[in-house]
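Student: For reference, the file structure15.cif (mmCIF, C-alpha atoms (C1' of nucleotides)) is included below:
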```cif
data_protein
loop_
_atom_site.label_atom_id
_atom_site.label_comp_id
_atom_site.auth_asym_id
_atom_site.auth_seq_id
_atom_site.Cartn_x
_atom_site.Cartn_y
_atom_site.Cartn_z
CA MET A 1 104.82 104.26 117.56
CA GLY A 2 106.81 107.35 117.17
CA ASN A 3 106.63 107.46 113.43
CA ASN A 4 103.44 106.43 111.79
CA ARG A 5 103.71 106.52 108.05
CA SER A 6 100.35 106.06 106.50
CA ASP A 7 101.92 105.52 103.13
CA LYS A 8 104.20 102.72 104.28
CA PRO A 9 102.41 100.90 107.07
CA LEU A 10 104.46 97.73 106.71
CA THR A 11 107.71 99.45 107.51
CA THR A 12 106.72 100.67 110.92
CA PRO A 13 108.46 99.11 113.90
CA VAL A 14 105.23 97.80 115.31
CA GLN A 15 104.43 96.09 112.07
CA TYR A 16 107.92 94.71 112.12
CA LEU A 17 107.24 93.34 115.56
CA LEU A 18 104.12 91.59 114.43
CA GLN A 19 106.15 90.19 111.59
CA VAL A 20 108.85 88.94 113.93
CA LEU A 21 106.55 87.17 116.36
CA GLY A 22 103.13 87.53 114.85
CA SER A 23 102.72 83.93 113.81
CA LYS A 24 100.89 81.34 115.76
CA TRP A 25 103.71 79.63 117.66
CA LYS A 26 106.27 82.36 118.21
CA LEU A 27 105.02 83.50 121.58
CA PRO A 28 104.36 80.03 122.94
CA ILE A 29 107.90 79.11 121.96
CA LEU A 30 109.34 82.15 123.70
CA CYS A 31 107.23 81.54 126.77
CA THR A 32 108.36 77.94 126.91
CA LEU A 33 111.99 78.87 126.49
CA SER A 34 111.72 81.56 129.12
CA LYS A 35 110.74 78.94 131.65
CA LYS A 36 113.09 76.14 130.77
CA ASP A 37 116.25 78.08 129.98
CA VAL A 38 117.53 75.48 127.51
CA LEU A 39 115.56 73.03 125.43
CA ARG A 40 116.20 70.60 122.63
CA PHE A 41 114.14 70.38 119.49
CA ASN A 42 111.98 67.49 120.59
CA GLU A 43 111.61 68.85 124.09
CA LEU A 44 110.14 72.01 122.62
CA LYS A 45 107.96 69.95 120.35
CA ARG A 46 106.69 68.02 123.33
CA GLU A 47 105.95 71.15 125.35
CA LEU A 48 104.17 72.80 122.43
CA ALA A 49 101.69 70.03 121.95
CA GLY A 50 100.28 70.21 118.46
CA ILE A 51 103.10 71.93 116.64
CA THR A 52 104.63 70.22 113.65
CA ASN A 53 108.29 69.84 112.79
CA MET A 54 107.78 72.25 109.95
CA SER A 55 106.27 75.04 111.99
CA LEU A 56 108.67 74.58 114.87
CA SER A 57 111.66 74.56 112.57
CA ASN A 58 110.53 77.66 110.73
CA CYS A 59 109.74 79.58 113.88
CA LEU A 60 113.05 78.68 115.48
CA GLN A 61 114.94 79.76 112.40
CA GLU A 62 113.24 83.12 112.26
CA LEU A 63 113.60 83.68 115.97
CA GLU A 64 117.25 82.81 115.68
CA HIS A 65 117.69 85.11 112.72
CA TYR A 66 116.31 87.99 114.71
CA LYS A 67 118.72 87.17 117.54
CA ILE A 68 115.90 86.40 119.92
CA ILE A 69 116.90 82.82 120.53
CA LYS A 70 120.22 81.04 120.34
CA ARG A 71 120.85 77.74 118.60
CA VAL A 72 123.70 75.50 119.60
CA GLN A 73 124.31 72.37 117.56
CA TYR A 74 126.43 69.50 118.79
CA LEU A 75 127.86 67.31 116.08
CA GLU A 76 127.28 64.05 117.86
CA MET A 77 125.43 60.85 117.29
CA PRO A 78 122.59 61.13 117.80
CA PRO A 79 122.37 64.80 116.83
CA ARG A 80 121.71 67.28 119.58
CA VAL A 81 120.58 70.90 119.24
CA GLU A 82 119.87 73.20 122.12
CA TYR A 83 117.80 76.35 121.99
CA SER A 84 117.76 79.17 124.51
CA LEU A 85 116.84 82.81 124.77
CA THR A 86 119.43 85.43 123.95
CA ASP A 87 119.69 88.60 126.00
CA ASN A 88 117.54 90.25 123.38
CA GLY A 89 114.98 87.55 123.78
CA LYS A 90 115.00 88.06 127.52
CA SER A 91 114.64 91.81 127.09
CA LEU A 92 111.39 91.12 125.30
CA LEU A 93 109.91 89.27 128.24
CA PRO A 94 109.00 92.27 130.42
CA ILE A 95 107.24 93.85 127.47
CA LEU A 96 105.36 90.65 126.86
CA LYS A 97 104.42 90.82 130.51
CA ASN A 98 102.99 94.32 130.10
CA LEU A 99 101.07 93.15 127.10
CA ASP A 100 99.86 90.26 129.15
CA GLU A 101 98.59 92.57 131.87
CA TRP A 102 96.90 94.87 129.41
CA VAL A 103 95.21 91.99 127.68
CA ASN A 104 94.03 90.52 130.95
CA LYS A 105 92.40 93.83 131.69
CA GLN A 106 90.75 93.75 128.29
CA LEU A 107 89.55 90.24 128.89
CA GLU A 108 87.95 91.32 132.13
CA ILE A 109 86.25 94.20 130.40
CA ASN A 110 84.90 91.97 127.69
CA CYS A 111 83.70 89.48 130.27
CA GLU A 112 81.91 92.23 132.17
CA LYS A 113 80.30 93.47 129.02
CA ALA A 114 79.19 89.96 128.17
CA GLN A 115 77.59 89.66 131.59
CA GLU A 116 75.90 93.04 131.33
CA THR A 117 73.99 91.78 128.33
CA GLU A 118 72.35 89.25 130.61
CA PRO A 119 69.00 90.35 131.99
CA GLY A 120 69.33 91.30 135.61
CA ASP A 121 69.32 88.28 137.83
CA SER A 122 68.02 88.32 141.40
CA MET B 1 89.46 89.02 108.11
CA GLY B 2 87.44 86.50 109.99
CA ASN B 3 84.77 87.76 112.26
CA ASN B 4 85.37 84.54 114.11
CA ARG B 5 88.29 86.06 115.96
CA SER B 6 86.16 86.48 119.01
CA ASP B 7 85.12 82.85 118.95
CA LYS B 8 88.56 81.34 118.75
CA PRO B 9 89.86 79.72 121.89
CA LEU B 10 92.82 81.75 122.98
CA THR B 11 95.51 79.84 124.79
CA THR B 12 97.40 82.78 126.19
CA PRO B 13 96.73 86.46 126.74
CA VAL B 14 99.54 87.30 124.39
CA GLN B 15 97.91 85.22 121.71
CA TYR B 16 94.78 87.17 122.42
CA LEU B 17 96.67 90.36 121.84
CA LEU B 18 97.97 89.23 118.49
CA GLN B 19 94.48 88.15 117.71
CA VAL B 20 93.10 91.55 118.62
CA LEU B 21 95.53 93.64 116.62
CA GLY B 22 97.67 91.17 114.71
CA SER B 23 96.32 91.90 111.27
CA LYS B 24 97.81 94.25 108.78
CA TRP B 25 95.82 97.42 109.36
CA LYS B 26 94.98 97.35 113.06
CA LEU B 27 98.00 99.28 114.24
CA PRO B 28 97.93 101.85 111.46
CA ILE B 29 94.29 102.48 112.30
CA LEU B 30 95.05 102.91 115.98
CA CYS B 31 97.98 105.17 115.21
CA THR B 32 95.86 107.30 112.95
CA LEU B 33 93.07 107.55 115.48
CA SER B 34 95.49 108.40 118.24
CA LYS B 35 96.55 111.49 116.35
CA LYS B 36 93.25 112.73 115.02
CA ASP B 37 91.03 112.06 118.03
CA VAL B 38 87.92 111.60 115.92
CA LEU B 39 87.64 110.43 112.34
CA ARG B 40 84.93 109.44 109.95
CA PHE B 41 85.00 106.31 107.83
CA ASN B 42 86.22 107.93 104.67
CA GLU B 43 88.68 110.10 106.53
CA LEU B 44 90.29 106.98 107.92
CA LYS B 45 90.22 105.42 104.50
CA ARG B 46 91.98 108.43 103.08
CA GLU B 47 94.65 108.42 105.78
CA LEU B 48 95.26 104.70 105.39
CA ALA B 49 96.01 104.86 101.72
CA GLY B 50 95.54 101.44 100.20
CA ILE B 51 93.01 99.96 102.57
CA THR B 52 89.72 98.71 101.17
CA ASN B 53 86.25 99.26 102.52
CA MET B 54 86.16 95.63 103.44
CA SER B 55 89.34 95.59 105.48
CA LEU B 56 88.63 98.90 107.13
CA SER B 57 85.11 97.90 108.03
CA ASN B 58 86.21 94.56 109.47
CA CYS B 59 89.06 96.07 111.44
CA LEU B 60 86.85 98.77 112.88
CA GLN B 61 84.24 96.25 113.90
CA GLU B 62 86.75 94.05 115.65
CA LEU B 63 88.42 96.98 117.34
CA GLU B 64 85.04 98.17 118.46
CA HIS B 65 84.11 94.73 119.67
CA TYR B 66 87.18 94.68 121.88
CA LYS B 67 86.30 98.11 123.23
CA ILE B 68 89.43 99.65 121.82
CA ILE B 69 87.67 102.13 119.61
CA LYS B 70 84.30 103.78 119.84
CA ARG B 71 81.78 104.09 117.04
CA VAL B 72 79.17 106.84 117.00
CA GLN B 73 76.60 106.84 114.25
CA TYR B 74 74.50 109.87 113.39
CA LEU B 75 71.25 109.13 111.68
CA GLU B 76 71.49 112.00 109.24
CA MET B 77 71.57 112.53 105.54
CA PRO B 78 74.17 111.98 104.39
CA PRO B 79 75.12 109.29 106.91
CA ARG B 80 77.89 110.14 109.33
CA VAL B 81 79.87 107.80 111.55
CA GLU B 82 82.66 108.89 113.81
CA TYR B 83 85.38 106.67 115.25
CA SER B 84 87.62 107.42 118.19
CA LEU B 85 89.80 105.64 120.71
CA THR B 86 88.26 104.50 123.95
CA ASP B 87 90.20 104.80 127.19
CA ASN B 88 91.20 101.21 126.71
CA GLY B 89 92.51 102.02 123.30
CA LYS B 90 94.51 104.89 124.72
CA SER B 91 95.90 102.68 127.47
CA LEU B 92 97.35 100.48 124.77
CA LEU B 93 99.36 103.27 123.22
CA PRO B 94 102.21 103.42 125.78
CA ILE B 95 102.67 99.68 125.50
CA LEU B 96 102.84 99.97 121.75
CA LYS B 97 105.45 102.61 122.32
CA ASN B 98 107.55 100.21 124.40
CA LEU B 99 107.23 97.64 121.68
CA ASP B 100 108.33 100.27 119.24
CA GLU B 101 111.45 101.00 121.23
CA TRP B 102 112.32 97.35 121.63
CA VAL B 103 111.86 96.70 117.95
CA ASN B 104 114.00 99.66 117.02
CA LYS B 105 116.75 98.16 119.11
CA GLN B 106 116.28 94.85 117.35
CA LEU B 107 116.38 96.56 114.00
CA GLU B 108 119.72 98.08 114.85
CA ILE B 109 121.07 94.71 115.88
CA ASN B 110 119.87 93.04 112.74
CA CYS B 111 121.23 95.81 110.56
CA GLU B 112 124.61 95.45 112.12
CA LYS B 113 124.82 91.71 111.83
CA ALA B 114 122.71 90.75 108.84
CA GLN B 115 121.37 93.29 106.43
CA GLU B 116 120.28 91.16 103.51
CA THR B 117 119.40 87.79 104.94
CA GLU B 118 115.81 88.38 105.91
CA PRO B 119 114.13 84.98 105.86
CA GLY B 120 110.89 86.13 104.40
CA ASP B 121 112.36 88.99 102.49
CA SER B 122 112.26 87.45 99.04
"C1'" DC C 1 117.35 63.09 116.80
"C1'" DT C 2 116.82 67.09 113.91
"C1'" DG C 3 115.27 68.74 110.59
"C1'" DT C 4 113.54 69.46 105.08
"C1'" DA C 5 110.28 68.82 100.98
"C1'" DT C 6 105.90 68.55 99.27
"C1'" DC C 7 101.09 68.85 99.01
"C1'" DC C 8 96.85 70.68 100.86
"C1'" DA C 9 93.40 73.50 103.35
"C1'" DC C 10 92.27 77.58 105.37
"C1'" DC C 11 92.38 82.46 106.37
"C1'" DC C 12 93.67 87.13 105.20
"C1'" DT C 13 93.53 90.53 102.07
"C1'" DG C 14 92.05 93.13 98.29
"C1'" DA C 15 89.04 94.18 93.99
"C1'" DT C 16 84.73 94.86 92.26
"C1'" DA C 17 79.99 95.55 92.53
"C1'" DC C 18 76.02 96.69 94.98
"C1'" DT C 19 72.79 98.62 98.90
"C1'" DG C 20 70.76 102.00 102.31
"C1'" DC D 1 78.66 108.68 102.86
"C1'" DA D 2 79.08 104.23 104.96
"C1'" DG D 3 79.18 100.22 104.52
"C1'" DT D 4 78.07 94.80 102.75
"C1'" DA D 5 78.39 90.69 99.36
"C1'" DT D 6 81.04 88.00 96.69
"C1'" DC D 7 84.97 86.17 94.52
"C1'" DA D 8 89.95 85.45 93.67
"C1'" DG D 9 94.93 85.37 94.85
"C1'" DG D 10 98.60 84.79 98.06
"C1'" DG D 11 100.61 83.61 102.27
"C1'" DT D 12 100.60 80.67 106.37
"C1'" DG D 13 100.01 76.57 109.04
"C1'" DG D 14 99.38 71.48 109.15
"C1'" DA D 15 100.07 66.44 107.69
"C1'" DT D 16 102.88 63.27 105.77
"C1'" DA D 17 107.01 61.43 103.91
"C1'" DC D 18 111.75 61.59 103.57
"C1'" DA D 19 116.82 62.93 104.54
"C1'" DG D 20 121.33 63.89 107.22
#
```
Would you mind writing the structure in this file as structure tokens?

Tutor:
Amino acid sequence: MGNNRSDKPLTTPVQYLLQVLGSKWKLPILCTLSKKDVLRFNELKRELAGITNMSLSNCLQELEHYKIIKRVQYLEMPPRVEYSLTDNGKSLLPILKNLDEWVNKQLEINCEKAQETEPGDS
Amino acid sequence: MGNNRSDKPLTTPVQYLLQVLGSKWKLPILCTLSKKDVLRFNELKRELAGITNMSLSNCLQELEHYKIIKRVQYLEMPPRVEYSLTDNGKSLLPILKNLDEWVNKQLEINCEKAQETEPGDS
DNA sequence: CTGTATCCACCCTGATACTG
DNA sequence: CAGTATCAGGGTGGATACAG
């Protein structure tokens, strides 16, 4: 957050980040891809139980546009398309991990607070 | 800005993070607070040109709920309320900074390869 | 299999007005 | 000053149907 411009909040890098992967399925997709290395469209759909073709397609397109994932299409019958993380996508993973750790800490704190509201047992 | 954020089942910690500060004004608020140490409601509103009472109030409440900011109310006339980052809030800053660096790198990449093909650019 | 098009519902956001 | 109530508009995600 080196440059915070109060007059143009949407142009800050952090806001850009939220824009890039701030929708519901972006992170789950990246997490899934990070574990499976390469996945086809329907394999992703199966892993991300609940996602629709529309959402998956949109997310993949945006992620591809931002060079976070790579799309390889084979002109065969039946069609085959494989998705995988780019190096940029992989470079995001450690950061996601830090976020993950921070959030886990927050979750603990909130849990503790929730328990403190309980009248003292014993 | 739903106050039901805290009720939503969160599948992953990262989703929780987006939930916690994934809305438009959360980061600008945190950035502003990180620089001013302590700010009153209207001071924040002034810094975050364009935000409404509603959005600011909701964001502050959520941020406070997650123990990221601290709210101190003085029962005076006129009323005075001061907001500041908690230690948790401050611990988030370095991570945001990493995100910032990563995104800046991504921005460079995208600028080099595709300047005018933003999917949601319109 | 791999998507796209369309409609629909919900949430976020902001504007305005009002209260303590 | 510091919010809250209410309403409206826009964007996003989901369901279904259809196409290459």

Student: Which residues of chain C are close to chain B, meaning at most 10 Å apart when you count all atoms listed in the file, and how do they look as a PyMOL selection string?

Tutor: chain C and resi 11-15+20

Student: Quick check: residues of chain D within 12 Å of chain A, only C-alpha atoms (C1' of nucleotides), returned as a ChimeraX atom specification.

Tutor: /D:11-16,20

Student: List the residues selected by the PyMOL selection byres ((chain A) within 10 of (chain B)) in the file shown, writing them as a VMD selection string.

Tutor: chain A and resid 1 to 10 12 to 28 31 58 61 to 62 65 to 68 88 to 89 91 to 92 95 to 107 109 to 110 113

Student: I'd like the interatomic distance between atom CA of B:Leu85 and atom CA of B:Leu63, to a tenth of an Å.

Tutor: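 If I compute the distance from atom CA of B:Leu85 to atom CA of B:Leu63, I get 9.4 Å.
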
Student: Put chain B on top of chain A with a least-squares fit on all C-alpha atoms, paired in order, and send it back as a CSV table (one decimal) with C-alpha atoms, in the frame of the given file.

Tutor:
```
chain,number,residue,atom,x,y,z
B,1,MET,CA,102.7,83.2,108.9
B,2,GLY,CA,104.2,85.6,106.3
B,3,ASN,CA,107.9,85.8,106.2
B,4,ASN,CA,107.2,89.3,104.8
B,5,ARG,CA,106.7,90.7,108.3
B,6,SER,CA,110.1,92.2,108.1
B,7,ASP,CA,109.4,93.9,104.9
B,8,LYS,CA,106.2,95.6,105.9
B,9,PRO,CA,106.3,99.3,106.4
B,10,LEU,CA,105.6,99.8,110.1
B,11,THR,CA,103.9,103.1,110.9
B,12,THR,CA,104.5,103.0,114.7
B,13,PRO,CA,106.8,101.2,117.0
B,14,VAL,CA,103.8,99.7,118.7
B,15,GLN,CA,102.6,98.3,115.4
B,16,TYR,CA,106.1,96.9,115.1
B,17,LEU,CA,105.7,95.2,118.4
B,18,LEU,CA,102.4,93.6,117.4
B,19,GLN,CA,104.1,92.6,114.2
B,20,VAL,CA,107.0,91.0,116.1
B,21,LEU,CA,104.9,89.0,118.5
B,22,GLY,CA,101.3,89.5,117.5
B,23,SER,CA,100.7,86.0,116.2
B,24,LYS,CA,99.2,83.2,118.1
B,25,TRP,CA,102.2,81.3,119.3
B,26,LYS,CA,104.9,84.0,119.8
B,27,LEU,CA,104.1,84.7,123.4
B,28,PRO,CA,103.7,81.0,124.4
B,29,ILE,CA,107.0,80.3,122.8
B,30,LEU,CA,108.7,83.1,124.7
B,31,CYS,CA,107.1,82.1,127.9
B,32,THR,CA,108.2,78.5,127.5
B,33,LEU,CA,111.8,79.6,126.6
B,34,SER,CA,111.9,81.9,129.6
B,35,LYS,CA,111.3,79.0,131.9
B,36,LYS,CA,113.5,76.3,130.3
B,37,ASP,CA,116.5,78.4,129.3
B,38,VAL,CA,117.4,76.2,126.4
B,39,LEU,CA,115.1,74.0,124.4
B,40,ARG,CA,115.3,71.9,121.2
B,41,PHE,CA,112.8,72.0,118.4
B,42,ASN,CA,110.8,69.0,119.4
B,43,GLU,CA,111.0,69.9,123.1
B,44,LEU,CA,109.3,73.2,122.3
B,45,LYS,CA,106.8,71.4,120.1
B,46,ARG,CA,106.0,69.1,123.0
B,47,GLU,CA,105.6,72.0,125.4
B,48,LEU,CA,103.4,74.0,123.0
B,49,ALA,CA,100.9,71.2,122.6
B,50,GLY,CA,98.9,71.8,119.4
B,51,ILE,CA,101.5,73.8,117.4
B,52,THR,CA,102.6,72.5,114.0
B,53,ASN,CA,106.1,72.2,112.6
B,54,MET,CA,105.2,75.0,110.2
B,55,SER,CA,104.0,77.5,112.8
B,56,LEU,CA,106.8,76.7,115.2
B,57,SER,CA,109.4,77.0,112.5
B,58,ASN,CA,108.1,80.3,111.2
B,59,CYS,CA,107.7,81.8,114.7
B,60,LEU,CA,111.2,80.7,115.6
B,61,GLN,CA,112.6,82.2,112.5
B,62,GLU,CA,110.9,85.5,113.0
B,63,LEU,CA,111.8,85.6,116.6
B,64,GLU,CA,115.4,84.9,115.7
B,65,HIS,CA,115.3,87.5,113.0
B,66,TYR,CA,114.3,90.1,115.5
B,67,LYS,CA,117.1,89.0,117.8
B,68,ILE,CA,114.7,87.9,120.5
B,69,ILE,CA,115.8,84.3,120.5
B,70,LYS,CA,119.0,82.6,119.6
B,71,ARG,CA,119.4,79.5,117.5
B,72,VAL,CA,122.4,77.2,117.8
B,73,GLN,CA,122.7,74.3,115.4
B,74,TYR,CA,124.9,71.4,116.0
B,75,LEU,CA,126.0,69.5,112.9
B,76,GLU,CA,125.7,66.1,114.4
B,77,MET,CA,123.8,63.0,113.7
B,78,PRO,CA,121.0,63.1,114.7
B,79,PRO,CA,120.6,66.8,114.1
B,80,ARG,CA,120.3,69.0,117.1
B,81,VAL,CA,119.2,72.6,117.3
B,82,GLU,CA,118.9,74.6,120.5
B,83,TYR,CA,116.8,77.7,121.1
B,84,SER,CA,117.2,80.2,123.9
B,85,LEU,CA,116.3,83.8,124.7
B,86,THR,CA,118.7,86.5,123.9
B,87,ASP,CA,119.3,89.4,126.2
B,88,ASN,CA,116.8,91.3,124.2
B,89,GLY,CA,114.3,88.6,124.6
B,90,LYS,CA,114.8,88.6,128.3
B,91,SER,CA,114.4,92.4,128.4
B,92,LEU,CA,111.0,92.0,126.9
B,93,LEU,CA,109.8,89.8,129.8
B,94,PRO,CA,109.2,92.5,132.4
B,95,ILE,CA,107.2,94.5,129.9
B,96,LEU,CA,105.1,91.5,129.2
B,97,LYS,CA,104.6,91.2,132.9
B,98,ASN,CA,103.3,94.7,133.1
B,99,LEU,CA,101.0,94.0,130.2
B,100,ASP,CA,99.9,90.9,132.1
B,101,GLU,CA,99.0,92.9,135.2
B,102,TRP,CA,97.1,95.5,133.2
B,103,VAL,CA,95.2,92.9,131.4
B,104,ASN,CA,94.3,91.1,134.6
B,105,LYS,CA,92.9,94.4,135.9
B,106,GLN,CA,90.9,94.7,132.7
B,107,LEU,CA,89.6,91.2,133.0
B,108,GLU,CA,88.3,92.0,136.5
B,109,ILE,CA,86.5,95.0,135.2
B,110,ASN,CA,85.0,93.2,132.3
B,111,CYS,CA,83.9,90.3,134.5
B,112,GLU,CA,82.2,92.7,136.9
B,113,LYS,CA,80.3,94.6,134.2
B,114,ALA,CA,79.8,92.3,131.3
B,115,GLN,CA,80.5,88.6,131.6
B,116,GLU,CA,78.7,87.2,128.5
B,117,THR,CA,78.8,90.0,126.0
B,118,GLU,CA,82.2,89.4,124.4
B,119,PRO,CA,82.0,90.8,120.9
B,120,GLY,CA,84.0,88.1,119.3
B,121,ASP,CA,83.0,85.4,121.7
B,122,SER,CA,80.5,83.5,119.5
```

Student: At what distance in Å, to one decimal, does atom C1' of C:DT2 lie from atom CA of A:Arg80?

Tutor: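 A separation of 7.5 Å between them.
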
Student: What does the distance between atom CA of B:Arg71 and atom CA of B:Phe41 come to in Å, to one decimal place?

Tutor: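 Taking atom CA of B:Arg71 and atom CA of B:Phe41, their separation equals 10.0 Å.
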
Student: Just want the 10 Å neighbourhood of C:DA5, counted on all atoms listed in the file, with same-chain residues fewer than 5 positions away dropped. Output as an MDAnalysis selection string.

Tutor: (chainID A and resid 54) or (chainID D and resid 17:19)

Student: Which residues, named as in the file, does the PyMOL selection byres ((chain B and resi 82) around 8) pick out? Answer as a compact mmCIF listing (two decimals) with C-alpha atoms, in the frame of the given file.

Tutor:
```
# COMPACT_ATOMS: atom_id res chain seq x y z
CA VAL B 38 87.92 111.60 115.92
CA LEU B 39 87.64 110.43 112.34
CA ARG B 40 84.93 109.44 109.95
CA PHE B 41 85.00 106.31 107.83
CA ARG B 71 81.78 104.09 117.04
CA VAL B 72 79.17 106.84 117.00
CA GLN B 73 76.60 106.84 114.25
CA ARG B 80 77.89 110.14 109.33
CA VAL B 81 79.87 107.80 111.55
CA TYR B 83 85.38 106.67 115.25
CA SER B 84 87.62 107.42 118.19
```

Student: Report the centre and edge lengths, in Å to one decimal, of an axis-aligned box enclosing every atom of stretch 87-100 of chain A listed in the file, padded by 6 Å on each side, as JSON.

Tutor:
```
{"center_x": 109.8, "center_y": 90.9, "center_z": 126.9, "size_x": 31.8, "size_y": 18.8, "size_z": 19.1}
```

Student: Just give me the residues with any atom within 12 Å of (83.0, 93.8, 91.8), file coordinates, counting only C-alpha atoms (C1' of nucleotides), written as a list in words.

Tutor: DG14, DA15, DT16, DA17 and DC18 of chain C; DA5, DT6, DC7 and DA8 of chain D
